[in-house]
>>> print(open('start14.txt').read())   # compact mmCIF, C-alpha atoms
# COMPACT_ATOMS: atom_id res chain seq x y z
CA MET H 48 -1.22 2.99 -3.87
CA TYR H 49 1.77 0.87 -4.85
CA HIS H 50 -0.17 -2.42 -5.02
CA ALA H 51 -3.32 -1.27 -6.79
CA ASP H 52 -4.58 -4.86 -6.85
CA ARG H 53 -4.88 -4.71 -3.04
CA GLU H 54 -6.95 -1.52 -2.99
CA ILE H 55 -10.53 -1.76 -1.72
CA ARG H 56 -13.19 0.86 -2.50
CA ASP H 57 -16.29 -1.31 -2.14
CA ARG H 58 -18.40 0.07 0.72
CA GLU H 59 -19.69 -3.33 1.90
CA ILE H 60 -16.19 -4.81 2.03
CA ILE H 61 -14.90 -1.79 3.96
CA LYS H 62 -17.79 -2.16 6.42
CA ALA H 63 -16.92 -5.85 6.87
CA ILE H 64 -13.32 -4.89 7.66
CA LEU H 65 -14.45 -2.23 10.14
CA ASP H 66 -16.68 -4.81 11.81
CA MET H 67 -13.54 -6.89 12.51
CA CYS H 68 -11.72 -4.01 14.20
CA ASP H 69 -11.92 -2.86 17.82
CA VAL H 70 -9.88 0.34 17.71
CA ILE H 71 -9.26 3.22 15.33
CA ASN H 72 -6.15 5.39 15.45
CA ILE H 73 -6.82 9.07 14.89
CA GLY H 74 -3.99 11.28 13.65
CA PHE H 75 -4.30 14.94 14.59
CA PHE H 76 -2.21 17.89 13.42
CA ASP H 77 0.17 19.09 16.11
CA ASP H 78 3.02 21.60 16.03
CA GLU H 79 6.07 19.45 15.41
CA TYR H 80 4.82 15.86 15.17
CA PRO H 81 1.50 14.18 14.42
CA TYR H 82 -0.50 13.30 17.53
CA VAL H 83 -2.08 9.85 17.19
CA LEU H 84 -4.56 8.35 19.62
CA PRO H 85 -6.20 4.93 19.68
CA VAL H 86 -9.90 4.97 20.59
CA ASN H 87 -12.80 2.55 20.51
CA PHE H 88 -15.46 3.58 18.03
CA GLY H 89 -18.78 3.16 16.37
CA TYR H 90 -19.47 3.92 12.75
CA GLU H 91 -22.07 4.18 10.05
CA TYR H 92 -21.36 4.16 6.34
CA GLU H 93 -24.11 5.47 4.13
CA GLU H 94 -23.25 8.43 1.91
CA ASN H 95 -20.18 9.19 4.03
CA LEU H 96 -18.22 7.09 6.51
CA VAL H 97 -18.89 8.55 9.95
CA PHE H 98 -16.95 7.44 13.04
CA TYR H 99 -18.25 8.15 16.56
CA MET H 100 -16.17 8.20 19.73
CA HIS H 101 -16.35 9.47 23.29
CA HIS H 102 -13.67 11.28 25.25
CA ALA H 103 -13.01 13.65 28.12
CA ILE H 104 -14.54 17.11 27.99
CA GLU H 105 -11.11 18.66 28.54
CA GLY H 106 -7.68 17.75 27.27
CA TYR H 107 -5.01 18.19 24.66
CA LYS H 108 -6.97 16.37 21.96
CA ASN H 109 -9.79 18.91 22.25
CA LYS H 110 -7.33 21.76 21.75
CA LEU H 111 -6.03 20.07 18.60
CA ILE H 112 -9.59 19.57 17.30
CA GLU H 113 -10.39 23.24 17.82
CA THR H 114 -7.15 24.28 16.09
CA ASN H 115 -7.50 22.00 13.06
CA PRO H 116 -10.38 19.53 12.69
CA LYS H 117 -8.79 17.61 9.78
CA VAL H 118 -7.76 14.10 10.80
CA CYS H 119 -6.61 10.78 9.43
CA VAL H 120 -8.21 7.58 10.73
CA THR H 121 -6.65 4.13 10.41
CA THR H 122 -7.54 0.68 11.62
CA HIS H 123 -6.38 -2.80 10.81
CA LYS H 124 -6.58 -6.47 11.58
CA PHE H 125 -3.41 -8.50 11.19
CA ILE H 126 -2.70 -12.20 11.54
CA ASP H 127 0.78 -13.68 11.48
CA HIS H 128 2.29 -17.16 11.25
CA ILE H 129 -0.33 -18.54 8.92
CA TYR H 130 0.08 -20.24 5.63
CA ASN H 131 -1.57 -18.50 2.75
CA ASP H 132 -1.57 -19.84 -0.76
CA TYR H 133 -1.46 -16.51 -2.57
CA ASP H 134 2.02 -15.30 -1.67
CA ASN H 135 3.51 -17.56 1.04
CA SER H 136 4.22 -14.51 3.20
CA GLY H 137 3.07 -16.05 6.48
CA HIS H 138 0.78 -13.16 7.32
CA ASP H 139 -2.45 -11.55 6.22
CA TYR H 140 -4.10 -8.20 6.93
CA ARG H 141 -7.11 -6.00 6.29
CA SER H 142 -6.96 -2.24 6.80
CA VAL H 143 -8.95 0.94 6.32
CA MET H 144 -7.64 4.49 6.09
CA ALA H 145 -9.85 7.55 5.85
CA PHE H 146 -9.44 11.31 5.90
CA GLY H 147 -12.09 13.57 7.35
CA GLU H 148 -13.04 16.28 9.78
CA ILE H 149 -13.85 15.79 13.43
CA GLU H 150 -16.50 17.77 15.27
CA PHE H 151 -17.93 17.78 18.76
CA ILE H 152 -21.50 16.59 19.28
CA SER H 153 -23.48 18.71 21.70
CA HIS H 154 -25.08 16.88 24.62
CA GLU H 155 -28.31 18.68 23.75
CA SER H 156 -28.41 17.64 20.09
CA GLY H 157 -30.35 14.70 18.73
CA ASP H 158 -27.08 13.36 17.33
CA TYR H 159 -25.75 12.79 20.86
CA LYS H 160 -28.15 9.90 21.57
CA LYS H 161 -27.64 8.49 18.06
CA ALA H 162 -23.84 8.62 18.51
CA TRP H 163 -24.04 6.68 21.78
CA GLU H 164 -26.37 4.09 20.24
CA ILE H 165 -24.04 3.52 17.28
CA LEU H 166 -20.91 3.44 19.46
CA CYS H 167 -22.42 0.91 21.87
CA LYS H 168 -23.88 -1.25 19.11
CA CYS H 169 -20.49 -1.51 17.41
CA ASN H 170 -18.88 -2.35 20.78
CA GLY H 171 -21.50 -4.94 21.78
CA ARG H 172 -22.71 -2.89 24.75
CA THR H 173 -25.91 -1.24 25.86
CA VAL H 174 -26.11 2.51 26.23
CA PRO H 175 -25.65 3.45 29.91
CA ALA H 176 -28.58 5.54 31.13
CA ALA H 177 -26.15 7.92 32.86
CA VAL H 178 -24.92 9.32 29.52
CA PHE H 179 -28.17 11.28 29.13
CA SER H 180 -27.81 13.06 32.45
CA PRO H 181 -26.78 16.73 32.13
CA ASP H 182 -24.11 15.98 34.77
CA PHE H 183 -22.44 13.28 32.65
CA LYS H 184 -18.92 14.49 31.88
CA VAL H 185 -18.15 12.72 28.60
CA LEU H 186 -17.96 14.40 25.23
CA MET H 187 -19.01 12.75 21.97
CA SER H 188 -17.40 13.49 18.64
CA LYS H 189 -17.84 12.35 15.09
CA ILE H 190 -15.48 12.20 12.15
CA VAL H 191 -17.11 12.62 8.75
CA CYS H 192 -15.13 11.10 5.88
CA ARG H 193 -16.35 11.53 2.32
CA SER H 194 -16.42 8.23 0.41
CA GLU H 195 -13.68 9.31 -1.98
CA ASN H 196 -11.41 9.75 1.07
CA VAL H 197 -11.92 6.17 2.32
CA ILE H 198 -9.73 3.31 1.17
CA GLY H 199 -9.26 -0.26 2.26
CA LYS H 200 -6.36 -2.56 1.63
CA ALA H 201 -5.67 -6.26 2.06
CA GLN H 202 -2.75 -8.64 1.64
CA ARG H 203 -4.48 -10.06 -1.42
CA HIS H 204 -7.28 -8.91 -3.69
CA ILE H 205 -10.71 -9.17 -2.04
CA SER H 206 -13.72 -9.09 -4.32
CA SER H 207 -16.57 -9.91 -1.92
CA VAL H 208 -17.59 -9.62 1.73
CA ASP H 209 -17.25 -13.40 2.05
CA GLU H 210 -13.51 -13.07 1.47
CA VAL H 211 -12.96 -10.58 4.31
CA PRO H 212 -12.66 -13.06 7.24
CA PHE H 213 -9.24 -14.65 7.58
CA LYS H 214 -9.04 -18.22 6.35
>>> encode(input="start14.txt", output="structure tokens")
Amino acid sequence: MYHADREIRDREIIKAILDMCDVINIGFFDDEYPYVLPVNFGYEYEENLVFYMHHAIEGYKNKLIETNPKVCVTTHKFIDHIYNDYDNSGHDYRSVMAFGEIEFISHESGDYKKAWEILCKCNGRTVPAAVFSPDFKVLMSKIVCRSENVIGKAQRHISSVDEVPFK
């Protein structure tokens, strides 16, 4: 990273940044160009950072996952036209980038319910009862990112969770 002083590796600070964000962008390998999709998400960060998302049971993204499950995940929060006293740039940001592997979660597995609970909790919703019906046509996936493949960044050095919200 060019500005090493902006790098964030602290798990609690990264979680605080993720809590500010509504969407992750997932970059998939495709033939000629990367294929990037924005999705809403849930996450947990214990040993590894794990993102959860739902999507259609058919589609191009699923083909890409089956071909190569390695992905890049990014998210950010950006504010412009503010005064900041650390560099007078007029903007501020927080971001997280992670590399991991995506896998489908079977409707029959115990992880399916857990994935929905985490996704809905992070989105401020309740889990719809319909998702547990065998006829429900939505697929769940998770992206597992080892901690060493997770990095945050901010406009200025952040040393505690209290410094994550924009001021």
>>> residues_around(input="start14.txt", residues="Met144 of chain H", least_positions_apart="3", cutoff="6 Å", atoms="all atoms listed in the file", output="PyMOL selection string")
chain H and resi 120-121+197-198
>>> atom_distance(input="start14.txt", atom1="atom CA of Glu105 of chain H", atom2="atom CA of Phe146 of chain H")
23.9 Å
>>> closest_residue(input="start14.txt", among="H:Arg172, H:Lys189, H:Lys117, H:Arg53", to="Met100 of chain H", atoms="only C-alpha atoms")
H:Lys189
>>> atom_distance(input="start14.txt", atom1="atom CA of Cys167 of chain H", atom2="atom CA of Ile190 of chain H")
16.4 Å
>>> closest_residue(input="start14.txt", among="H:Ile112, H:His138, H:Val208, H:Gly89", to="Asp57 of chain H", atoms="all atoms listed in the file")
H:Val208
>>> atom_distance(input="start14.txt", atom1="atom CA of Lys161 of chain H", atom2="atom CA of His102 of chain H")
16.0 Å
>>> closest_residue(input="start14.txt", among="H:Val185, H:Ala162, H:Ala145, H:Cys119", to="Leu65 of chain H", atoms="only C-alpha atoms")
H:Ala145
>>> residues_around(input="start14.txt", residues="Val191 of chain H", least_positions_apart="4", cutoff="6 Å", atoms="all atoms listed in the file", output="list in words")
Val97, Gly147 and Glu148 of chain H
>>> closest_residue(input="start14.txt", among="H:Ser188, H:Ser207, H:Gln202, H:Asn72", to="Phe125 of chain H", atoms="only C-alpha atoms")
H:Gln202
>>> residues_around(input="start14.txt", residues="Asn87 of chain H", least_positions_apart="5", cutoff="8 Å", atoms="all atoms listed in the file", output="PyMOL selection string")
chain H and resi 69-71+100+170
>>> decode(input="start14.txt", residues="segment 184-196 of chain H", atoms="N, CA and C atoms", output="short mmCIF file (atom, residue, chain, number, x, y, z; two decimals), in the first residue's frame")
data_model
loop_
_atom_site.label_atom_id
_atom_site.label_comp_id
_atom_site.auth_asym_id
_atom_site.auth_seq_id
_atom_site.Cartn_x
_atom_site.Cartn_y
_atom_site.Cartn_z
N LYS H 184 -36.95 -19.98 -4.12
CA LYS H 184 -35.98 -20.03 -5.23
C LYS H 184 -34.89 -18.98 -5.10
N VAL H 185 -34.23 -18.94 -3.95
CA VAL H 185 -33.12 -18.02 -3.74
C VAL H 185 -31.95 -18.82 -3.19
N LEU H 186 -30.79 -18.56 -3.74
CA LEU H 186 -29.58 -19.26 -3.35
C LEU H 186 -28.80 -18.39 -2.37
N MET H 187 -28.18 -19.00 -1.39
CA MET H 187 -27.29 -18.28 -0.47
C MET H 187 -25.86 -18.69 -0.78
N SER H 188 -24.97 -17.74 -0.61
CA SER H 188 -23.54 -18.00 -0.79
C SER H 188 -22.78 -17.32 0.32
N LYS H 189 -21.56 -17.80 0.52
CA LYS H 189 -20.68 -17.13 1.47
C LYS H 189 -19.30 -17.00 0.84
N ILE H 190 -18.62 -15.94 1.24
CA ILE H 190 -17.25 -15.70 0.82
C ILE H 190 -16.39 -15.75 2.08
N VAL H 191 -15.45 -16.66 2.10
CA VAL H 191 -14.56 -16.80 3.25
C VAL H 191 -13.22 -16.13 2.90
N CYS H 192 -12.86 -15.14 3.72
CA CYS H 192 -11.62 -14.39 3.50
C CYS H 192 -10.73 -14.55 4.74
N ARG H 193 -9.57 -15.15 4.55
CA ARG H 193 -8.64 -15.28 5.68
C ARG H 193 -8.20 -13.89 6.13
N SER H 194 -7.97 -13.73 7.42
CA SER H 194 -7.65 -12.42 8.00
C SER H 194 -6.48 -11.73 7.31
N GLU H 195 -5.49 -12.50 6.91
CA GLU H 195 -4.33 -11.87 6.26
C GLU H 195 -4.67 -11.31 4.88
N ASN H 196 -5.86 -11.67 4.35
CA ASN H 196 -6.30 -11.17 3.05
C ASN H 196 -7.37 -10.09 3.18
#
